[in-house]
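Participant: This is the structure, below, for whatever I ask next.
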Amino acid sequence: MRLRPNGAAGLLVTSFDAFRRYQLREGDNSAWVWEHQALTRARFCAGDATIGARFEALRDEILRQPRDAAALRDEIVLMRGKVAEGHPNPTELFDLKHDRGGMVDIEFTVQYLVLLHSGTHPQLTRNAGNIALLREAGELGLIDATLAVQVGDAYRQFRARQHQLRLDGQGHARVPATQVAEQTSRVRALWQAVFGAG
């Protein structure tokens, strides 16, 4: 609830037109980059089909907006830093989701690529999942195609390990860093190639 427009003080429900204005940054109150990042993963799943179609069309319009690459990069790198600060790992183990070289780095990279390139490559707006979108970005030449496949494989492995650890009752998805060193180095290499920042 606190993630809705205007936070805890915001309306629980809003009209479609108000949502549209907010997302398209029409007026004083407008969506932040992280909210557009969230839209890369959003999809209509239940309710009135007409509203669902309107939402999907608006989502596509929002994702395909032209964006300044440097400003978008800076916003996403800043948000990644805030997410890392909010999930400290005091152990020697590697947190599959939150540590640098893990799942959040992959997800933020995919979101950046979708937001930056959907205007010229509308197929990136498909809600196809991170692995498929990485592969698509590689095939389009937006990132190294081999690295895209390798990072997609790393994401698949991280998710499988995360699910297993959670099923085993672990509160955090953490493993010895040596077990995932190859995967994390590839994720870091992609992050460096895309964002130029460690």
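Residue numbers start at 1 in each chain; chains themselves are named A, B, ... in the order of the structure tokens; ligands are numbered from 1 in the order shown.
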Can you list, as a PyMOL selection string, every protein, DNA or RNA residue that comes within 12 Å of region 61-63 of chain A when you count only C-alpha atoms, leaving out same-chain residues fewer than 3 positions away?

Facilitator: chain A and resi 19-25+31+33+35-42+54-58+66-67+111-127

Participant: How about saving the chosen residues, N, CA and C atoms kept, as a compact mmCIF listing (two decimals), in the first residue's frame?

Facilitator:
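The result, stored in result.txt:
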# COMPACT_ATOMS: atom_id res chain seq x y z
N PHE A 19 -4.50 7.61 -13.29
CA PHE A 19 -3.35 6.71 -13.38
C PHE A 19 -2.53 7.02 -14.63
N ARG A 20 -3.22 7.23 -15.74
CA ARG A 20 -2.55 7.55 -17.00
C ARG A 20 -1.75 8.85 -16.89
N ARG A 21 -2.38 9.89 -16.35
CA ARG A 21 -1.69 11.19 -16.20
C ARG A 21 -0.47 11.05 -15.30
N TYR A 22 -0.63 10.31 -14.21
CA TYR A 22 0.47 10.11 -13.27
C TYR A 22 1.64 9.39 -13.94
N GLN A 23 1.34 8.30 -14.64
CA GLN A 23 2.39 7.51 -15.27
C GLN A 23 3.07 8.25 -16.43
N LEU A 24 2.30 9.05 -17.15
CA LEU A 24 2.86 9.80 -18.28
C LEU A 24 3.43 11.15 -17.87
N ARG A 25 3.43 11.40 -16.57
CA ARG A 25 4.04 12.60 -16.00
C ARG A 25 3.38 13.87 -16.50
N ALA A 31 4.99 9.88 -11.83
CA ALA A 31 5.67 8.63 -11.50
C ALA A 31 7.18 8.80 -11.52
N VAL A 33 11.09 6.91 -11.79
CA VAL A 33 11.67 5.88 -12.66
C VAL A 33 11.41 4.49 -12.10
N GLU A 35 8.97 3.38 -10.56
CA GLU A 35 7.60 2.95 -10.85
C GLU A 35 7.48 2.46 -12.29
N HIS A 36 8.24 3.07 -13.19
CA HIS A 36 8.27 2.58 -14.56
C HIS A 36 9.05 1.27 -14.63
N GLN A 37 10.06 1.11 -13.78
CA GLN A 37 10.74 -0.18 -13.70
C GLN A 37 9.73 -1.26 -13.33
N ALA A 38 8.87 -0.95 -12.38
CA ALA A 38 7.86 -1.94 -11.95
C ALA A 38 6.91 -2.28 -13.09
N LEU A 39 6.60 -1.31 -13.94
CA LEU A 39 5.70 -1.56 -15.06
C LEU A 39 6.29 -2.52 -16.08
N THR A 40 7.62 -2.64 -16.11
CA THR A 40 8.21 -3.60 -17.05
C THR A 40 7.77 -5.02 -16.71
N ARG A 41 7.38 -5.25 -15.45
CA ARG A 41 6.98 -6.58 -15.00
C ARG A 41 5.47 -6.69 -14.77
N ALA A 42 4.76 -5.60 -14.94
CA ALA A 42 3.32 -5.60 -14.66
C ALA A 42 2.55 -6.27 -15.79
N ARG A 54 -7.07 -1.68 -21.86
CA ARG A 54 -6.63 -0.27 -21.73
C ARG A 54 -5.32 -0.18 -20.95
N PHE A 55 -5.24 -0.98 -19.87
CA PHE A 55 -4.01 -0.98 -19.08
C PHE A 55 -2.82 -1.44 -19.92
N GLU A 56 -2.99 -2.54 -20.64
CA GLU A 56 -1.89 -3.08 -21.44
C GLU A 56 -1.44 -2.09 -22.51
N ALA A 57 -2.39 -1.38 -23.12
CA ALA A 57 -2.05 -0.37 -24.12
C ALA A 57 -1.29 0.79 -23.48
N LEU A 58 -1.74 1.22 -22.30
CA LEU A 58 -1.05 2.30 -21.60
C LEU A 58 0.34 1.85 -21.14
N PRO A 66 10.42 7.88 -25.19
CA PRO A 66 11.86 8.15 -25.32
C PRO A 66 12.45 8.56 -23.96
N ARG A 67 13.65 8.10 -23.69
CA ARG A 67 14.30 8.40 -22.43
C ARG A 67 15.76 8.77 -22.67
N GLN A 111 15.39 -4.24 -16.73
CA GLN A 111 14.46 -3.11 -16.68
C GLN A 111 15.04 -1.88 -17.40
N TYR A 112 16.32 -1.63 -17.22
CA TYR A 112 16.98 -0.52 -17.92
C TYR A 112 16.90 -0.72 -19.43
N LEU A 113 17.23 -1.91 -19.88
CA LEU A 113 17.20 -2.18 -21.32
C LEU A 113 15.79 -2.02 -21.89
N VAL A 114 14.79 -2.49 -21.17
CA VAL A 114 13.40 -2.35 -21.62
C VAL A 114 13.02 -0.88 -21.70
N LEU A 115 13.30 -0.12 -20.64
CA LEU A 115 12.91 1.29 -20.61
C LEU A 115 13.66 2.12 -21.66
N LEU A 116 14.91 1.79 -21.89
CA LEU A 116 15.71 2.58 -22.83
C LEU A 116 15.42 2.25 -24.29
N HIS A 117 15.17 0.97 -24.58
CA HIS A 117 15.14 0.54 -25.97
C HIS A 117 13.78 0.13 -26.52
N SER A 118 12.72 0.16 -25.71
CA SER A 118 11.41 -0.29 -26.20
C SER A 118 10.84 0.61 -27.28
N GLY A 119 11.24 1.87 -27.29
CA GLY A 119 10.76 2.78 -28.33
C GLY A 119 11.15 2.32 -29.72
N THR A 120 12.36 1.82 -29.85
CA THR A 120 12.82 1.34 -31.16
C THR A 120 12.68 -0.17 -31.31
N HIS A 121 12.51 -0.87 -30.20
CA HIS A 121 12.36 -2.33 -30.22
C HIS A 121 11.14 -2.71 -29.37
N PRO A 122 9.93 -2.50 -29.89
CA PRO A 122 8.72 -2.71 -29.08
C PRO A 122 8.54 -4.14 -28.58
N GLN A 123 9.23 -5.10 -29.16
CA GLN A 123 9.11 -6.47 -28.68
C GLN A 123 9.63 -6.61 -27.24
N LEU A 124 10.42 -5.65 -26.78
CA LEU A 124 10.93 -5.69 -25.41
C LEU A 124 9.84 -5.41 -24.38
N THR A 125 8.71 -4.88 -24.80
CA THR A 125 7.64 -4.60 -23.84
C THR A 125 6.88 -5.86 -23.45
N ARG A 126 7.09 -6.96 -24.16
CA ARG A 126 6.42 -8.21 -23.80
C ARG A 126 6.80 -8.60 -22.38
N ASN A 127 5.84 -9.07 -21.63
CA ASN A 127 6.14 -9.54 -20.28
C ASN A 127 6.59 -10.99 -20.39

Participant: Which residues of region 154-193 of chain A come within 12 Å of region 72-75 of chain A, and for each one, what is the closest pair of atoms and their distance in Å to one decimal, counting only C-alpha atoms, sorted by chain and residue number, as JSON lines?

Facilitator:
{"residue": "A:Trp191", "atom": "CA", "partner": "A:Arg73", "partner_atom": "CA", "distance": 11.0}
{"residue": "A:Gln192", "atom": "CA", "partner": "A:Arg73", "partner_atom": "CA", "distance": 11.7}
{"residue": "A:Ala193", "atom": "CA", "partner": "A:Arg73", "partner_atom": "CA", "distance": 11.9}

Participant: Considering only C-alpha atoms, return as a ChimeraX atom specification whatever protein or nucleic-acid residues lie within 12 Å of Gln179 (chain A), sequence-local ones (same chain, fewer than 3 positions apart) excluded.

Facilitator: /A:93-96,154,157-158,161,174-176,182-185

Participant: I'd like the neighbourhood of region 135-149 of chain A as a list in words, where a residue qualifies if any of its atoms comes within 8 Å (using only C-alpha atoms), though same-chain residues fewer than 2 positions away should be ignored.

Facilitator: Leu113, Leu124, Ile131, Ala132, Leu133, Val151, Gly152, Asp153, Arg186, Leu190, Ala193 and Val194 of chain A

Participant: Using only C-alpha atoms, which residues sit within 8 Å of Ala84 (chain A) once same-chain residues fewer than 6 positions away are excluded, as a list of chain:residue names?

Facilitator: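 Contacts, with the query itself left out: A:His98, A:Asp99, A:Arg100.
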
Participant: Counting only C-alpha atoms, which residue out of A:Leu12, A:Met103, A:Ala181, A:Ile51 sits closest to Ala160 (chain A)?

Facilitator: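 Nearest candidate to Ala160 (chain A) out of A:Leu12, A:Met103, A:Ala181, A:Ile51: A:Met103.
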
Participant: Out of A:Val77, A:Glu26, A:Tyr155, A:Trp32, which residue has the shortest atom-to-atom distance to Leu134 (chain A) when counting only C-alpha atoms?

Facilitator: A:Tyr155

Participant: When you draw a straight line from CA of Ala177 (chain A) to CA of Glu92 (chain A), how long is it in Å?

Facilitator: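 Atom-to-atom, CA of Ala177 (chain A) to CA of Glu92 (chain A), that is 7.8 Å.
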